[in-house]
file final28.txt (compact mmCIF, C-alpha atoms)
# COMPACT_ATOMS: atom_id res chain seq x y z
CA MET M 1 27.91 27.44 -71.84
CA LEU M 2 28.98 24.23 -70.09
CA LYS M 3 29.48 24.33 -66.35
CA THR M 4 31.36 21.43 -64.81
CA ARG M 5 33.26 20.55 -61.65
CA LEU M 6 36.37 22.03 -63.28
CA THR M 7 34.83 25.43 -63.98
CA GLU M 8 33.37 25.53 -60.48
CA MET M 9 36.71 24.67 -58.89
CA ILE M 10 38.95 27.15 -60.68
CA GLY M 11 36.45 29.80 -61.78
CA THR M 12 36.96 29.69 -65.54
CA LYS M 13 34.13 30.28 -67.97
CA HIS M 14 34.81 27.12 -69.96
CA PRO M 15 35.96 23.56 -69.04
CA ILE M 16 39.16 23.75 -71.07
CA ILE M 17 42.82 23.94 -70.08
CA GLN M 18 45.43 25.36 -72.43
CA ALA M 19 48.41 23.09 -71.84
CA GLY M 20 51.62 24.57 -70.46
CA MET M 21 53.68 23.41 -73.43
CA GLY M 22 57.42 23.76 -73.64
CA PRO M 23 60.15 24.20 -74.40
CA PHE M 24 59.31 27.57 -75.95
CA SER M 25 57.75 30.43 -74.08
CA ASN M 26 53.98 30.45 -74.23
CA ASN M 27 53.64 33.70 -72.29
CA ASN M 28 51.45 35.37 -74.91
CA LEU M 29 49.37 32.25 -75.53
CA CYS M 30 48.62 31.91 -71.83
CA VAL M 31 47.35 35.48 -71.66
CA ALA M 32 45.14 34.99 -74.72
CA ALA M 33 43.76 31.70 -73.38
CA ALA M 34 43.02 33.06 -69.91
CA ASN M 35 41.30 36.09 -71.41
CA ALA M 36 39.22 33.78 -73.63
CA GLY M 37 37.76 32.10 -70.54
CA VAL M 38 39.86 28.93 -70.27
CA LEU M 39 42.66 28.07 -67.85
CA GLY M 40 45.91 29.42 -69.25
CA LEU M 41 49.07 27.59 -68.22
CA LEU M 42 52.55 29.08 -68.44
CA SER M 43 55.36 26.80 -69.52
CA THR M 44 58.53 26.94 -67.40
CA SER M 45 60.86 24.34 -68.90
CA GLY M 46 62.39 26.83 -71.32
CA ILE M 47 64.08 28.75 -68.49
CA PHE M 48 65.84 25.68 -67.12
CA ASP M 49 68.97 26.05 -69.24
CA LYS M 50 70.12 29.56 -70.07
CA THR M 51 73.64 28.41 -70.90
CA GLY M 52 72.78 25.36 -72.97
CA GLN M 53 69.70 26.72 -74.76
CA PRO M 54 69.99 30.53 -74.82
CA TRP M 55 67.76 30.78 -77.91
CA ILE M 56 64.82 29.46 -75.86
CA TYR M 57 65.70 31.41 -72.71
CA ASN M 58 65.77 34.57 -74.80
CA ALA M 59 62.22 33.95 -76.01
CA PHE M 60 61.01 34.08 -72.41
CA VAL M 61 63.06 37.19 -71.73
CA GLU M 62 61.79 39.06 -74.77
CA SER M 63 58.13 38.44 -74.00
CA CYS M 64 58.19 39.47 -70.34
CA GLY M 65 60.47 42.49 -70.19
CA ALA M 66 63.32 40.62 -68.53
CA SER M 67 67.01 40.49 -69.38
CA MET M 68 69.35 37.71 -70.45
CA GLU M 69 71.30 38.63 -67.32
CA ASP M 70 68.34 37.65 -65.12
CA ASP M 71 68.37 34.26 -63.44
CA MET M 72 65.57 31.70 -63.68
CA ALA M 73 63.67 32.92 -60.62
CA THR M 74 63.78 36.57 -61.74
CA VAL M 75 62.55 35.74 -65.23
CA LEU M 76 59.66 33.68 -63.84
CA GLU M 77 58.71 36.47 -61.44
CA LYS M 78 58.53 38.95 -64.31
CA VAL M 79 56.48 36.50 -66.39
CA LEU M 80 53.99 36.03 -63.54
CA LEU M 81 53.60 39.75 -62.88
CA ARG M 82 53.14 40.45 -66.59
CA THR M 83 50.55 37.70 -66.95
CA TYR M 84 48.58 39.04 -64.00
CA ARG M 85 48.72 42.58 -65.37
CA LEU M 86 47.37 41.47 -68.75
CA THR M 87 44.61 39.16 -67.48
CA LYS M 88 43.20 40.83 -64.36
CA ASP M 89 40.81 43.20 -66.13
CA LYS M 90 39.12 40.36 -68.01
CA GLY M 91 39.04 38.04 -65.03
CA GLY M 92 41.45 35.56 -66.59
CA ILE M 93 42.60 32.54 -64.58
CA PHE M 94 46.12 31.18 -65.03
CA GLY M 95 48.74 28.92 -63.53
CA ILE M 96 52.16 27.43 -64.19
CA ASN M 97 53.24 24.00 -65.33
CA ALA M 98 56.18 22.72 -63.27
CA MET M 99 57.89 19.53 -64.41
CA VAL M 100 58.89 17.49 -61.34
CA SER M 101 60.73 14.58 -62.94
CA SER M 102 63.80 13.25 -61.12
CA GLU M 103 66.12 14.72 -63.76
CA LEU M 104 64.82 18.22 -63.08
CA LEU M 105 64.19 18.38 -59.32
CA ASP M 106 66.65 21.19 -58.64
CA LYS M 107 64.90 23.32 -61.25
CA SER M 108 61.46 22.28 -59.98
CA HIS M 109 62.21 23.62 -56.52
CA VAL M 110 63.25 27.00 -57.90
CA ILE M 111 60.11 27.24 -60.07
CA ILE M 112 57.65 26.25 -57.36
CA ASP M 113 59.33 28.25 -54.59
CA THR M 114 59.37 31.34 -56.81
CA ALA M 115 55.68 30.96 -57.68
CA ILE M 116 54.77 30.67 -54.00
CA ARG M 117 56.88 33.69 -53.05
CA VAL M 118 55.54 35.93 -55.82
CA ARG M 119 51.94 35.11 -54.96
CA GLU M 120 52.54 35.85 -51.28
CA GLU M 121 54.27 39.13 -52.06
CA HIS M 122 51.39 40.14 -54.36
CA PRO M 123 48.25 38.76 -52.69
CA GLU M 124 46.05 40.59 -55.20
CA MET M 125 47.18 37.95 -57.71
CA LYS M 126 45.53 35.10 -55.84
CA ASN M 127 42.16 35.55 -57.55
CA HIS M 128 43.83 35.05 -60.93
CA PHE M 129 47.06 33.10 -60.38
CA LYS M 130 45.20 30.16 -58.87
CA VAL M 131 46.72 26.99 -60.26
CA MET M 132 49.85 24.94 -59.70
CA PHE M 133 50.07 22.24 -62.37
CA THR M 134 52.73 19.57 -61.89
CA SER M 135 53.80 16.95 -64.40
CA ALA M 136 56.33 14.25 -65.31
CA GLY M 137 56.97 13.05 -61.77
CA ASP M 138 55.67 11.92 -58.38
CA PRO M 139 53.25 14.39 -56.75
CA VAL M 140 53.50 13.02 -53.19
CA PRO M 141 56.74 14.78 -52.15
CA TRP M 142 55.23 18.12 -53.14
CA ARG M 143 52.04 17.79 -51.08
CA ASP M 144 52.85 20.00 -48.11
CA LYS M 145 54.57 22.75 -50.06
CA ILE M 146 51.83 23.17 -52.67
CA LYS M 147 48.81 22.57 -50.44
CA ASN M 148 50.09 24.92 -47.75
CA ALA M 149 50.56 27.65 -50.33
CA GLY M 150 46.84 27.62 -51.15
CA PHE M 151 47.03 26.77 -54.84
CA THR M 152 44.45 24.66 -56.62
CA TRP M 153 46.68 21.75 -57.52
CA LEU M 154 46.44 19.77 -60.77
CA HIS M 155 48.73 16.89 -61.70
CA VAL M 156 48.93 14.96 -64.97
CA VAL M 157 49.14 11.16 -65.05
CA PRO M 158 49.28 8.46 -67.76
CA SER M 159 47.79 5.61 -65.70
CA VAL M 160 45.28 4.56 -63.07
CA LYS M 161 48.20 3.84 -60.72
CA GLY M 162 49.36 7.43 -61.14
CA ALA M 163 45.85 8.74 -60.52
CA LEU M 164 45.62 6.88 -57.23
CA ARG M 165 49.00 8.30 -56.29
CA CYS M 166 47.55 11.77 -56.92
CA LYS M 167 44.62 11.04 -54.64
CA LYS M 168 47.06 10.04 -51.91
CA ALA M 169 48.99 13.26 -52.43
CA GLY M 170 45.89 15.42 -52.03
CA VAL M 171 45.82 16.74 -55.59
CA ASP M 172 42.64 18.75 -56.30
CA CYS M 173 42.18 17.67 -59.93
CA ILE M 174 43.72 14.89 -62.01
CA VAL M 175 44.55 15.27 -65.69
CA ALA M 176 44.53 11.83 -67.34
CA SER M 177 46.80 12.10 -70.36
CA GLY M 178 46.43 9.51 -73.11
CA HIS M 179 49.17 8.32 -75.44
CA GLU M 180 47.80 10.41 -78.31
CA GLY M 181 49.26 13.52 -76.69
CA GLY M 182 52.20 15.52 -77.93
CA PHE M 183 55.74 15.65 -76.59
CA HIS M 184 56.20 13.86 -73.24
CA ILE M 185 54.17 10.66 -73.05
CA SER M 186 54.18 7.51 -70.95
CA TRP M 187 56.60 4.58 -71.15
CA GLU M 188 53.57 2.27 -71.31
CA PRO M 189 50.95 3.40 -73.85
CA VAL M 190 47.34 3.73 -72.72
CA HIS M 191 45.11 5.85 -74.94
CA SER M 192 42.44 8.32 -73.89
CA MET M 193 39.40 6.20 -74.73
CA ILE M 194 40.64 3.63 -72.19
CA LEU M 195 42.53 5.81 -69.73
CA LEU M 196 40.00 8.55 -69.09
CA PRO M 197 37.01 6.41 -68.04
CA ALA M 198 39.36 4.06 -66.17
CA VAL M 199 40.66 6.93 -64.05
CA VAL M 200 37.14 8.27 -63.49
CA ASP M 201 36.04 4.81 -62.31
CA ALA M 202 39.10 4.34 -60.11
CA ILE M 203 38.64 7.66 -58.35
CA ALA M 204 34.96 6.77 -57.89
CA ASP M 205 34.04 10.21 -56.58
CA PRO M 206 31.54 12.25 -58.61
CA SER M 207 32.66 15.42 -56.82
CA PHE M 208 36.33 14.96 -57.78
CA PRO M 209 37.21 16.48 -61.17
CA VAL M 210 39.12 14.41 -63.72
CA VAL M 211 40.24 16.11 -66.93
CA GLY M 212 41.07 14.37 -70.21
CA ALA M 213 44.21 15.11 -72.24
CA GLY M 214 45.62 13.57 -75.39
CA GLY M 215 43.67 13.82 -78.65
CA PHE M 216 41.25 16.58 -77.60
CA CYS M 217 41.09 19.46 -80.04
CA ASP M 218 37.51 20.55 -80.75
CA GLY M 219 33.91 20.54 -79.58
CA LYS M 220 33.36 16.93 -80.59
CA THR M 221 36.20 15.66 -78.44
CA LEU M 222 35.23 17.92 -75.51
CA ALA M 223 31.70 16.51 -75.63
CA ALA M 224 33.12 12.98 -75.82
CA ALA M 225 35.25 13.61 -72.73
CA ILE M 226 32.23 14.81 -70.79
CA ALA M 227 30.34 11.69 -71.86
CA LEU M 228 33.23 9.62 -70.48
CA GLY M 229 32.88 11.29 -67.09
CA ALA M 230 35.44 14.08 -67.41
CA ALA M 231 35.00 17.58 -66.02
CA GLY M 232 36.84 19.09 -68.97
CA VAL M 233 39.81 18.68 -71.30
CA GLN M 234 43.33 19.91 -71.73
CA MET M 235 44.40 20.91 -75.24
CA GLY M 236 48.01 21.44 -76.25
CA THR M 237 48.63 20.97 -79.96
CA ARG M 238 45.39 22.74 -80.84
CA PHE M 239 46.39 25.88 -78.91
CA LEU M 240 49.94 25.70 -80.25
CA ALA M 241 48.49 26.26 -83.72
CA THR M 242 46.91 29.67 -83.07
CA GLU M 243 47.77 33.24 -84.01
CA GLU M 244 48.80 34.20 -80.48
CA SER M 245 50.91 31.11 -79.86
CA ASP M 246 54.53 31.97 -79.08
CA PHE M 247 55.84 28.87 -80.86
CA HIS M 248 57.99 29.47 -83.91
CA PRO M 249 56.07 29.85 -87.20
CA LEU M 250 57.88 26.76 -88.53
CA TRP M 251 56.45 24.67 -85.69
CA LYS M 252 52.92 25.99 -86.17
CA GLU M 253 53.19 25.48 -89.93
CA GLN M 254 54.20 21.84 -89.40
CA VAL M 255 51.15 21.18 -87.24
CA VAL M 256 48.87 22.47 -89.99
CA LYS M 257 50.75 20.44 -92.64
CA THR M 258 50.54 17.19 -90.66
CA SER M 259 48.22 14.66 -92.27
CA ASP M 260 47.02 11.12 -91.60
CA ARG M 261 49.46 9.12 -89.43
CA GLY M 262 51.69 12.15 -89.25
CA THR M 263 53.34 11.61 -85.86
CA LEU M 264 55.87 9.19 -84.38
CA VAL M 265 57.28 8.27 -80.97
CA ALA M 266 60.99 8.59 -80.16
CA ARG M 267 63.18 9.52 -77.19
CA GLY M 268 62.68 12.84 -75.41
CA VAL M 269 64.64 14.47 -72.62
CA VAL M 270 62.59 12.83 -69.84
CA GLY M 271 61.41 9.71 -71.68
CA PRO M 272 59.23 8.86 -74.69
CA ALA M 273 57.98 11.78 -76.74
CA ARG M 274 55.59 12.21 -79.64
CA TRP M 275 56.99 14.14 -82.60
CA LEU M 276 55.53 15.42 -85.84
CA LYS M 277 56.99 13.46 -88.75
CA THR M 278 59.86 15.21 -90.46
CA PRO M 279 63.07 13.81 -91.98
CA SER M 280 64.89 14.73 -88.77
CA SER M 281 62.38 13.11 -86.42
CA GLU M 282 62.37 9.95 -88.54
CA THR M 283 66.13 9.76 -88.17
CA HIS M 284 65.68 10.27 -84.43
CA LEU M 285 63.22 7.37 -84.40
CA GLN M 286 65.80 5.04 -85.92
CA ASN M 287 68.43 6.20 -83.43
CA THR M 288 65.96 5.62 -80.58
CA ILE M 289 65.27 2.05 -81.71
CA ALA M 290 68.98 1.31 -81.48
CA GLN M 291 69.95 3.35 -78.42
CA SER M 292 66.83 3.61 -76.22
CA PRO M 293 64.65 0.56 -77.00
CA GLY M 294 62.77 0.95 -73.73
CA VAL M 295 60.75 3.67 -75.43
CA PHE M 296 59.07 0.86 -77.37
CA THR M 297 59.26 -2.03 -74.88
CA GLY M 298 57.90 -0.01 -71.97
CA ILE M 299 61.05 -0.53 -69.87
CA PRO M 300 62.26 2.89 -68.63
CA ASP M 301 65.86 3.96 -69.04
CA ASP M 302 67.56 7.16 -67.93
CA TRP M 303 70.47 9.46 -68.67
CA SER M 304 72.91 7.01 -67.09
CA THR M 305 72.29 4.45 -69.84
CA VAL M 306 71.18 6.52 -72.84
CA PRO M 307 74.00 7.89 -75.03
CA PRO M 308 74.24 11.67 -74.55
CA SER M 309 74.17 12.08 -78.31
CA LEU M 310 70.57 10.85 -78.40
CA ILE M 311 69.42 13.54 -75.97
CA GLU M 312 71.56 16.12 -77.74
CA TYR M 313 69.86 15.29 -81.04
CA GLU M 314 66.60 16.65 -79.58
CA ARG M 315 68.29 19.88 -78.50
CA ILE M 316 69.79 20.29 -81.97
CA GLY M 317 66.40 19.65 -83.56
CA ILE M 318 64.64 22.25 -81.44
CA LYS M 319 67.41 24.79 -81.98
CA ALA M 320 66.95 24.20 -85.71
CA VAL M 321 63.33 25.28 -85.38
CA CYS M 322 64.46 28.54 -83.81
CA THR M 323 66.89 29.20 -86.63
CA GLY M 324 64.49 28.17 -89.38
CA ASP M 325 66.54 25.13 -90.40
CA ARG M 326 63.83 22.92 -91.89
CA GLU M 327 66.18 20.03 -92.63
CA ARG M 328 67.19 19.52 -89.00
CA ALA M 329 64.06 20.79 -87.27
CA MET M 330 62.16 18.55 -84.84
CA MET M 331 58.75 19.59 -83.57
CA ALA M 332 56.61 17.79 -81.03
CA GLY M 333 52.87 17.44 -81.47
CA GLY M 334 49.92 15.22 -80.68
CA GLU M 335 48.06 12.86 -83.00
CA CYS M 336 45.28 15.43 -83.25
CA ALA M 337 47.59 17.49 -85.48
CA GLN M 338 46.11 15.61 -88.44
CA ARG M 339 42.76 17.21 -87.62
CA ILE M 340 44.12 20.77 -87.45
CA ASP M 341 44.19 22.83 -90.64
CA ASP M 342 44.13 26.46 -89.52
CA LEU M 343 45.72 29.07 -87.23
CA PRO M 344 42.77 30.90 -85.65
CA LYS M 345 42.78 33.54 -82.97
CA VAL M 346 42.45 31.97 -79.53
CA GLN M 347 39.14 33.65 -78.75
CA ASP M 348 37.63 32.51 -82.03
CA LEU M 349 38.90 28.98 -81.45
CA VAL M 350 37.44 28.78 -77.95
CA ASP M 351 34.12 30.21 -79.12
CA GLU M 352 33.88 27.62 -81.90
CA ILE M 353 34.83 24.73 -79.61
CA MET M 354 32.23 25.71 -77.04
CA LYS M 355 29.55 26.30 -79.67
CA GLU M 356 30.11 22.83 -81.12
CA ALA M 357 30.37 21.05 -77.76
CA THR M 358 27.28 22.75 -76.35
CA ALA M 359 25.26 21.84 -79.44
CA ILE M 360 26.33 18.18 -79.22
CA VAL M 361 25.56 17.88 -75.51
CA THR M 362 22.24 19.69 -75.89
CA ASN M 363 21.13 17.67 -78.90
CA MET M 364 22.32 14.25 -77.74
CA PRO M 365 18.72 13.02 -77.16
CA LYS M 366 18.11 13.55 -80.88
CA TYR M 367 20.85 11.11 -81.80
CA ALA M 368 19.81 8.25 -79.51
CA ALA M 369 16.48 7.34 -77.98
CA VAL M 370 16.28 5.95 -74.46

call {"tool": "encode", "arguments": {"input": "final28.txt", "output": "structure tokens"}}
result
Amino acid sequence: MLKTRLTEMIGTKHPIIQAGMGPFSNNNLCVAAANAGVLGLLSTSGIFDKTGQPWIYNAFVESCGASMEDDMATVLEKVLLRTYRLTKDKGGIFGINAMVSSELLDKSHVIIDTAIRVREEHPEMKNHFKVMFTSAGDPVPWRDKIKNAGFTWLHVVPSVKGALRCKKAGVDCIVASGHEGGFHISWEPVHSMILLPAVVDAIADPSFPVVGAGGFCDGKTLAAAIALGAAGVQMGTRFLATEESDFHPLWKEQVVKTSDRGTLVARGVVGPARWLKTPSSETHLQNTIAQSPGVFTGIPDDWSTVPPSLIEYERIGIKAVCTGDRERAMMAGGECAQRIDDLPKVQDLVDEIMKEATAIVTNMPKYAAV
């Protein structure tokens, strides 16, 4: 067992966060992860667009006992109550991931306001529904709302500049996400081996937890993160490829099939995104080069300058996953996909990760003399 500043802060058994991956529901994955002793994060982006993406909205509805007639706030409330009901007996800790990018601010307010209201109306949840995780935007405007609600607040950043912005905002824990990660990534690439220790050094506070994300998928990489000064790691692609994961079997299958150099970067809804290589994603890459070159030059663009067809291509690709259309399907995933070759149960995965990491940390003196 490895105890760190992360486990002490949020009360999990292990220093691992299961990423709140979208756009699909991960309602069942979050329950399994929380019950396995890690922080389970619920995705929320899939309930942003009932009209435009009903196939994704329906996945949330089906797994939480809601209805397609329910609005976004009602669906989220039912998801939260279900998650609490299924984790409380095992002491599971969970939270939500709320994207706060400028393109999504109206949705962000609904998500965060609903989470605050549900927790206040059901105070018994507070020992389990502990975490508000924000991503893809500026944390500072959210300071008063989240801090006053009593959540433990985590925010993900791709840079030292972003980490210092988090410190200003009063965030409780920073997740430093390297360019290896899946789906939404930074306009300017900095990878985990550089980013994680740089953020730890910039924060310069041994009591403040920094978590690594991007490329972490097993005990070896967890041990490496701890050696770099992290209090734990966030894993997305690794948890996506598990039995309990809600993601479509086609998506999980593609993760397992991915081999050496099996990902690429192309446009996503809120900026650059890392995709698993498929014929469709390779076409999307070529379209991105022509229509959104900032993805590769590091100069951000937005929906006012990017052709709508480029953004729509992503929606079509994800819908194709839902319908089993392999030819058009696009699936996001991190570089660590090339190291994943199975679909274990979440509990077995966590047990194996912790066994390996603990052995490495314990036996480190055998590998190097001081």

call {"tool": "residues_around", "arguments": {"input": "final28.txt", "residues": "His128 of chain M", "least_positions_apart": "6", "cutoff": "7 Å", "atoms": "all atoms listed in the file", "output": "PDB file with C-alpha atoms, keeping the file's coordinate frame"}}
result
ATOM      1  CA  TYR M  84      48.580  39.040 -64.000  1.00  0.00           C
ATOM      2  CA  LYS M  88      43.200  40.830 -64.360  1.00  0.00           C
ATOM      3  CA  GLY M  91      39.040  38.040 -65.030  1.00  0.00           C
ATOM      4  CA  GLY M  92      41.450  35.560 -66.590  1.00  0.00           C
ATOM      5  CA  ILE M  93      42.600  32.540 -64.580  1.00  0.00           C
ATOM      6  CA  PHE M  94      46.120  31.180 -65.030  1.00  0.00           C
TER       7      PHE M  94
END

call {"tool": "closest_residue", "arguments": {"input": "final28.txt", "among": "M:Ile146, M:Ala266, M:Leu42, M:Cys322", "to": "Ser25 of chain M", "atoms": "all atoms listed in the file"}}
result
M:Leu42

call {"tool": "closest_atom_pairs", "arguments": {"input": "final28.txt", "of": "segment 94-157 of chain M", "to": "segment 221-237 of chain M", "cutoff": "12 Å", "atoms": "all atoms listed in the file", "output": "tab-separated table"}}
result
residue	atom	partner	partner_atom	distance
M:Phe133	CA	M:Gln234	CA	11.8
M:Leu154	CA	M:Gln234	CA	11.4
M:His155	CA	M:Gln234	CA	11.8
M:Val156	CA	M:Gln234	CA	10.1

call {"tool": "write_last_selection", "arguments": {"input": "final28.txt", "atoms": "C-alpha atoms", "output": "PDB file, in the frame of the given file"}}
result
ATOM      1  CA  PHE M 133      50.070  22.240 -62.370  1.00  0.00           C
ATOM      2  CA  LEU M 154      46.440  19.770 -60.770  1.00  0.00           C
ATOM      3  CA  HIS M 155      48.730  16.890 -61.700  1.00  0.00           C
ATOM      4  CA  VAL M 156      48.930  14.960 -64.970  1.00  0.00           C
TER       5      VAL M 156
END

call {"tool": "residues_near_point", "arguments": {"input": "final28.txt", "point": "(52.0, 15.3, -92.4)", "cutoff": "9 Å", "atoms": "all atoms listed in the file", "output": "PDB file with C-alpha atoms, in the frame of the given file"}}
result
ATOM      1  CA  GLN M 254      54.200  21.840 -89.400  1.00  0.00           C
ATOM      2  CA  VAL M 255      51.150  21.180 -87.240  1.00  0.00           C
ATOM      3  CA  VAL M 256      48.870  22.470 -89.990  1.00  0.00           C
ATOM      4  CA  LYS M 257      50.750  20.440 -92.640  1.00  0.00           C
ATOM      5  CA  THR M 258      50.540  17.190 -90.660  1.00  0.00           C
ATOM      6  CA  SER M 259      48.220  14.660 -92.270  1.00  0.00           C
ATOM      7  CA  ASP M 260      47.020  11.120 -91.600  1.00  0.00           C
ATOM      8  CA  ARG M 261      49.460   9.120 -89.430  1.00  0.00           C
ATOM      9  CA  GLY M 262      51.690  12.150 -89.250  1.00  0.00           C
ATOM     10  CA  THR M 263      53.340  11.610 -85.860  1.00  0.00           C
ATOM     11  CA  LEU M 276      55.530  15.420 -85.840  1.00  0.00           C
ATOM     12  CA  LYS M 277      56.990  13.460 -88.750  1.00  0.00           C
ATOM     13  CA  THR M 278      59.860  15.210 -90.460  1.00  0.00           C
ATOM     14  CA  ALA M 337      47.590  17.490 -85.480  1.00  0.00           C
ATOM     15  CA  GLN M 338      46.110  15.610 -88.440  1.00  0.00           C
TER      16      GLN M 338
END

call {"tool": "closest_residue", "arguments": {"input": "final28.txt", "among": "M:Pro344, M:Glu120, M:Ala163, M:Ile299", "to": "Phe208 of chain M", "atoms": "all atoms listed in the file"}}
result
M:Ala163

call {"tool": "closest_residue", "arguments": {"input": "final28.txt", "among": "M:Val265, M:Ala32, M:Leu195, M:Leu240", "to": "Gln347 of chain M", "atoms": "only C-alpha atoms"}}
result
M:Ala32

call {"tool": "residues_around", "arguments": {"input": "final28.txt", "residues": "Trp303 of chain M", "least_positions_apart": "3", "cutoff": "9 Å", "atoms": "only C-alpha atoms", "output": "PyMOL selection string"}}
result
chain M and resi 103+269-270+306-308+311

call {"tool": "residues_around", "arguments": {"input": "final28.txt", "residues": "Pro279 of chain M", "least_positions_apart": "3", "cutoff": "12 Å", "atoms": "only C-alpha atoms", "output": "JSON, numbers by chain"}}
result
{"M": [262, 263, 264, 275, 276, 282, 283, 284, 285, 286, 317, 325, 326, 327, 328, 329, 330, 331]}

call {"tool": "write_last_selection", "arguments": {"input": "final28.txt", "atoms": "C-alpha atoms", "output": "mmCIF file, keeping the file's coordinate frame"}}
result
data_model
loop_
_atom_site.group_PDB
_atom_site.id
_atom_site.type_symbol
_atom_site.label_atom_id
_atom_site.label_comp_id
_atom_site.auth_asym_id
_atom_site.auth_seq_id
_atom_site.Cartn_x
_atom_site.Cartn_y
_atom_site.Cartn_z
ATOM 1 C CA GLY M 262 51.690 12.150 -89.250
ATOM 2 C CA THR M 263 53.340 11.610 -85.860
ATOM 3 C CA LEU M 264 55.870 9.190 -84.380
ATOM 4 C CA TRP M 275 56.990 14.140 -82.600
ATOM 5 C CA LEU M 276 55.530 15.420 -85.840
ATOM 6 C CA GLU M 282 62.370 9.950 -88.540
ATOM 7 C CA THR M 283 66.130 9.760 -88.170
ATOM 8 C CA HIS M 284 65.680 10.270 -84.430
ATOM 9 C CA LEU M 285 63.220 7.370 -84.400
ATOM 10 C CA GLN M 286 65.800 5.040 -85.920
ATOM 11 C CA GLY M 317 66.400 19.650 -83.560
ATOM 12 C CA ASP M 325 66.540 25.130 -90.400
ATOM 13 C CA ARG M 326 63.830 22.920 -91.890
ATOM 14 C CA GLU M 327 66.180 20.030 -92.630
ATOM 15 C CA ARG M 328 67.190 19.520 -89.000
ATOM 16 C CA ALA M 329 64.060 20.790 -87.270
ATOM 17 C CA MET M 330 62.160 18.550 -84.840
ATOM 18 C CA MET M 331 58.750 19.590 -83.570
#

call {"tool": "axis_aligned_box", "arguments": {"input": "final28.txt", "around": "segment 5-21 of chain M", "padding_each_side": "5 Å", "output": "lines of an AutoDock Vina configuration file"}}
result
center_x = 43.5
center_y = 25.4
center_z = -66.2
size_x = 30.4
size_y = 19.7
size_z = 24.5

call {"tool": "residues_near_point", "arguments": {"input": "final28.txt", "point": "(61.6, 3.2, -76.4)", "cutoff": "8 Å", "atoms": "only C-alpha atoms", "output": "ChimeraX atom specification"}}
result
/M:187,266-267,272,288-289,292-300

call {"tool": "atom_distance", "arguments": {"input": "final28.txt", "atom1": "atom CA of Glu253 of chain M", "atom2": "atom CA of Met193 of chain M"}}
result
28.2 Å
